Amino acid sequence: MPDIHLIPYRIEEISSRAPQIPEGVRMIQAPAVWEAAKKGKGNVIAILDTGCQPDHPDLKDRIIEGRNFTTDFGGDPSNFDDNNGHGTHVAGTAAASHQENGGIAGVAPEAHLLILKVLSGEGNGDYEGIIEGIHYAVDWTGPNGEKTSVISMSLGGPQDIPELYEAVKRAVDAGIPVVCAAGNEGDDSPQTDEFAYPGAYGEVIQVGAVDFRRKIAPFSNTNNEIDLVAPGTDIYSAYPGSKYASLSGTSMAAPHVSGALALIKNIAENEFARDLTEAELYAQLVRRTVPLGYPKTAEGNGLLALDILSKFEQLFKLFNSSYGISMQQGLDQ
């Protein structure tokens with residue numbers, strides 16, 4: 001079976017310290033909903049990547065379990081250490097725990113991480129390992145009965161493999177949103193399509209990248225399956241060696257959405273007083289986007305903005321105070 005690989009990315013900077021709340025986390029308004037979302041507590045985000053530094057000070061309390069599906073470290077299934085850097089960075093964006101001594105906070109800093117090393121230190125893997133990792137995430141049960149809430153994959157390949165598609169559909173059918181990076185083969189034109197799998201499958205949540213000026217990153221793939229965009233340039237997060245790094249790529253955008261789903265799940269399921277289906281979680285995610293004015297092939301539903309609903313409610317209350325229309329009346333019209 002053909003190989004799959006890391007979506008290419010750029011290392012902008014490596015440092016011993018980083019902003020306590022990175023700009024990408026702030027840009028999607030995660031801190032504004034932390035209280036309502038309990039910072040993602042009770043959720044498990046499965047990160048299928050190059051592994052993760054297990055004792056990184058901002059991640060060691062978040063990792064609930066890990067497994068190695070590669071031949072690295074002699075094929076030891078218990079050794080999921082990150083000998084590349086990409087996986088630690090992705091995990092940090094999704095759910096790093098804020099440390100008072102200069103560490104960082106991810107999008108969902110009290111969610112847990114299930115680290116599934118499916119790519120080698122060179123950033124390569126085979127589809128069989130990815131497929132096995134997806135099935136593992138679907139079947140996994142934690143020490144206290146925890147189940148996977150979200151699957152995050154910042155990887156891709158050029159071929160549509162039927163077994164990969166079936167694994168993705170099984171996860172979605174089990175109620176687990178599958179978040180994938182769109183890919184970095186973009187040519188800065190929304191009129192041309194670039195596809196990477198599994199991101200191009202309609203069942204996954206495919207994430208493109210924007211910069212901090214809300215402009216589509218020129219490397220971000222464009223196609224008719226893009227669901228939304230998130231910060232993906234100069235993204236600070238955790239890095240091996242207990243350090244931090246600024247990286248760029250759609251790989252960096254995807255875990256913003258993975259962490260956001262842990263927050264949304266807590267907010268929405270508390271509101272509805274029941275578990276939500278994958279389709280319902282997706283609908284809640286899309287409600288929290290802001291159009292940027294680009295074609296759908298570039299931005300999908302727009303930029304992730306977690307606090308947009310509360311801002312809408314605040315504006316509606318101001319409107320109501322002037323015109324006497326209730327929130328429910330407004331929504332019914």
# chains A, B, ... in the order shown; residues from 1 in each chain; ligands from 1

call {"tool": "residues_around", "arguments": {"residues": "region 213-219 of chain A", "least_positions_apart": "5", "cutoff": "7 Å", "atoms": "only C-alpha atoms", "output": "list of chain:residue names"}}
result
A:Asn184, A:Glu185, A:Gly186, A:Asp187, A:Asp188

call {"tool": "residues_around", "arguments": {"residues": "Lys169 (chain A)", "least_positions_apart": "3", "cutoff": "12 Å", "atoms": "only C-alpha atoms", "output": "mmCIF file with C-alpha atoms, in the first residue's frame"}}
result
data_model
loop_
_atom_site.group_PDB
_atom_site.id
_atom_site.type_symbol
_atom_site.label_atom_id
_atom_site.label_comp_id
_atom_site.auth_asym_id
_atom_site.auth_seq_id
_atom_site.Cartn_x
_atom_site.Cartn_y
_atom_site.Cartn_z
ATOM 1 C CA ILE A 131 -6.004 3.097 9.154
ATOM 2 C CA ILE A 134 -8.121 5.450 13.267
ATOM 3 C CA HIS A 135 -9.685 2.127 14.252
ATOM 4 C CA VAL A 138 -12.641 4.508 17.620
ATOM 5 C CA PRO A 162 -10.825 2.646 -0.007
ATOM 6 C CA GLU A 163 -9.723 1.192 3.350
ATOM 7 C CA LEU A 164 -8.815 4.680 4.602
ATOM 8 C CA TYR A 165 -12.209 5.995 3.533
ATOM 9 C CA GLU A 166 -13.964 3.142 5.322
ATOM 10 C CA VAL A 172 -17.912 9.481 11.869
ATOM 11 C CA ASP A 173 -20.644 6.857 12.169
ATOM 12 C CA ALA A 174 -19.461 6.292 15.751
ATOM 13 C CA GLY A 175 -20.118 9.984 16.466
ATOM 14 C CA ILE A 176 -16.472 11.088 16.365
ATOM 15 C CA PRO A 177 -15.682 14.191 14.270
ATOM 16 C CA VAL A 178 -12.576 13.684 12.116
ATOM 17 C CA PRO A 198 -8.085 11.975 3.976
ATOM 18 C CA TYR A 201 -13.265 13.181 1.939
ATOM 19 C CA GLY A 202 -16.663 14.797 2.384
ATOM 20 C CA GLU A 203 -17.140 13.094 5.754
ATOM 21 C CA VAL A 204 -14.165 14.806 7.422
ATOM 22 C CA GLU A 278 -21.346 14.044 14.780
#

call {"tool": "residues_around", "arguments": {"residues": "Ile235 (chain A)", "least_positions_apart": "3", "cutoff": "8 Å", "atoms": "only C-alpha atoms", "output": "PDB file with C-alpha atoms, in the first residue's frame"}}
result
ATOM      1  CA  PRO A  22      -0.633  31.988  21.690  1.00  0.00           C
ATOM      2  CA  GLU A  23      -2.109  34.395  19.165  1.00  0.00           C
ATOM      3  CA  GLY A  24      -3.850  31.602  17.265  1.00  0.00           C
ATOM      4  CA  PRO A 231      -4.881  30.227  12.029  1.00  0.00           C
ATOM      5  CA  GLY A 232      -2.016  28.458  10.266  1.00  0.00           C
ATOM      6  CA  ALA A 245       8.328  26.665  18.130  1.00  0.00           C
ATOM      7  CA  SER A 246       6.551  28.778  15.575  1.00  0.00           C
ATOM      8  CA  LEU A 247       5.447  26.707  12.576  1.00  0.00           C
ATOM      9  CA  SER A 248       3.343  27.409   9.485  1.00  0.00           C
ATOM     10  CA  MET A 252      -1.177  24.026  12.384  1.00  0.00           C
TER      11      MET A 252
END

call {"tool": "select_by_dssp", "arguments": {"residues": "region 58-237 of chain A", "states": "strand (DSSP E)", "output": "VMD selection string"}}
result
chain A and resid 63 to 68 112 to 117 124 to 126 150 to 153 155 to 156 178 to 181 205 to 210 226 to 231 235 to 237

call {"tool": "residues_around", "arguments": {"residues": "Ser78 (chain A)", "least_positions_apart": "6", "cutoff": "7 Å", "atoms": "only C-alpha atoms", "output": "list in words"}}
result
Gly66, Arg67 and Asn68 of chain A

call {"tool": "write_last_selection", "arguments": {"atoms": "all heavy atoms", "output": "CSV table (one decimal), in the first residue's frame"}}
result
chain,number,residue,atom,x,y,z
A,66,GLY,N,-0.9,6.6,24.9
A,66,GLY,CA,-0.3,6.7,23.6
A,66,GLY,C,0.1,5.4,23.1
A,66,GLY,O,0.2,4.4,23.8
A,67,ARG,N,0.3,5.3,21.8
A,67,ARG,CA,0.7,4.1,21.1
A,67,ARG,C,1.4,4.4,19.8
A,67,ARG,O,1.1,5.3,19.1
A,67,ARG,CB,-0.6,3.2,20.8
A,67,ARG,CG,-0.2,1.8,20.3
A,67,ARG,CD,-1.5,1.0,20.2
A,67,ARG,NE,-1.2,-0.4,19.7
A,67,ARG,CZ,-0.9,-1.4,20.5
A,67,ARG,NH1,-0.8,-1.2,21.8
A,67,ARG,NH2,-0.7,-2.6,19.9
A,68,ASN,N,2.4,3.5,19.6
A,68,ASN,CA,3.3,3.7,18.4
A,68,ASN,C,2.8,2.6,17.3
A,68,ASN,O,2.8,1.4,17.6
A,68,ASN,CB,4.7,3.5,18.8
A,68,ASN,CG,5.7,3.5,17.6
A,68,ASN,OD1,5.4,4.0,16.6
A,68,ASN,ND2,6.8,2.9,17.8

call {"tool": "residues_around", "arguments": {"residues": "Val44 (chain A)", "least_positions_apart": "4", "cutoff": "6 Å", "atoms": "only C-alpha atoms", "output": "PyMOL selection string"}}
result
chain A and resi 111-113+148-149

call {"tool": "closest_residue", "arguments": {"among": "A:Ser237, A:Ser154, A:Thr289, A:Thr70", "to": "Leu119 (chain A)", "atoms": "only C-alpha atoms"}}
result
A:Thr70

call {"tool": "closest_atom_pairs", "arguments": {"of": "region 204-233 of chain A", "to": "region 258-269 of chain A", "cutoff": "12 Å", "atoms": "only C-alpha atoms", "output": "JSON lines"}}
result
{"residue": "A:Val204", "atom": "CA", "partner": "A:Ser258", "partner_atom": "CA", "distance": 11.6}
{"residue": "A:Ile205", "atom": "CA", "partner": "A:Ser258", "partner_atom": "CA", "distance": 9.4}
{"residue": "A:Gln206", "atom": "CA", "partner": "A:Ser258", "partner_atom": "CA", "distance": 10.9}
{"residue": "A:Val207", "atom": "CA", "partner": "A:Ser258", "partner_atom": "CA", "distance": 10.0}
{"residue": "A:Ala230", "atom": "CA", "partner": "A:Ala260", "partner_atom": "CA", "distance": 10.5}

call {"tool": "residues_around", "arguments": {"residues": "region 25-31 of chain A", "least_positions_apart": "6", "cutoff": "8 Å", "atoms": "only C-alpha atoms", "output": "list of chain:residue names"}}
result
A:Thr93, A:Gly106, A:Val107, A:Ala108, A:Phe212, A:Ala230, A:Pro231, A:His256, A:Ala260, A:Leu303, A:Leu304, A:Ala305, A:Leu306, A:Asp307

call {"tool": "closest_residue", "arguments": {"among": "A:Leu155, A:Val290, A:Ile4, A:Ile64", "to": "Thr141 (chain A)", "atoms": "only C-alpha atoms"}}
result
A:Ile64

call {"tool": "select_by_dssp", "arguments": {"residues": "region 6-168 of chain A", "states": "alpha helix (DSSP H)", "output": "PyMOL selection string"}}
result
chain A and resi 23-27+30-37+86-95+127-139+162-168

call {"tool": "residues_around", "arguments": {"residues": "Ile63 (chain A)", "least_positions_apart": "4", "cutoff": "12 Å", "atoms": "only C-alpha atoms", "output": "count of residues only"}}
result
33

call {"tool": "atom_distance", "arguments": {"atom1": "CA of Pro77 (chain A)", "atom2": "CA of Thr50 (chain A)"}}
result
13.2 Å

call {"tool": "closest_residue", "arguments": {"among": "A:Lys117, A:Asp61, A:Tyr9, A:Glu194", "to": "Ala253 (chain A)", "atoms": "only C-alpha atoms"}}
result
A:Tyr9
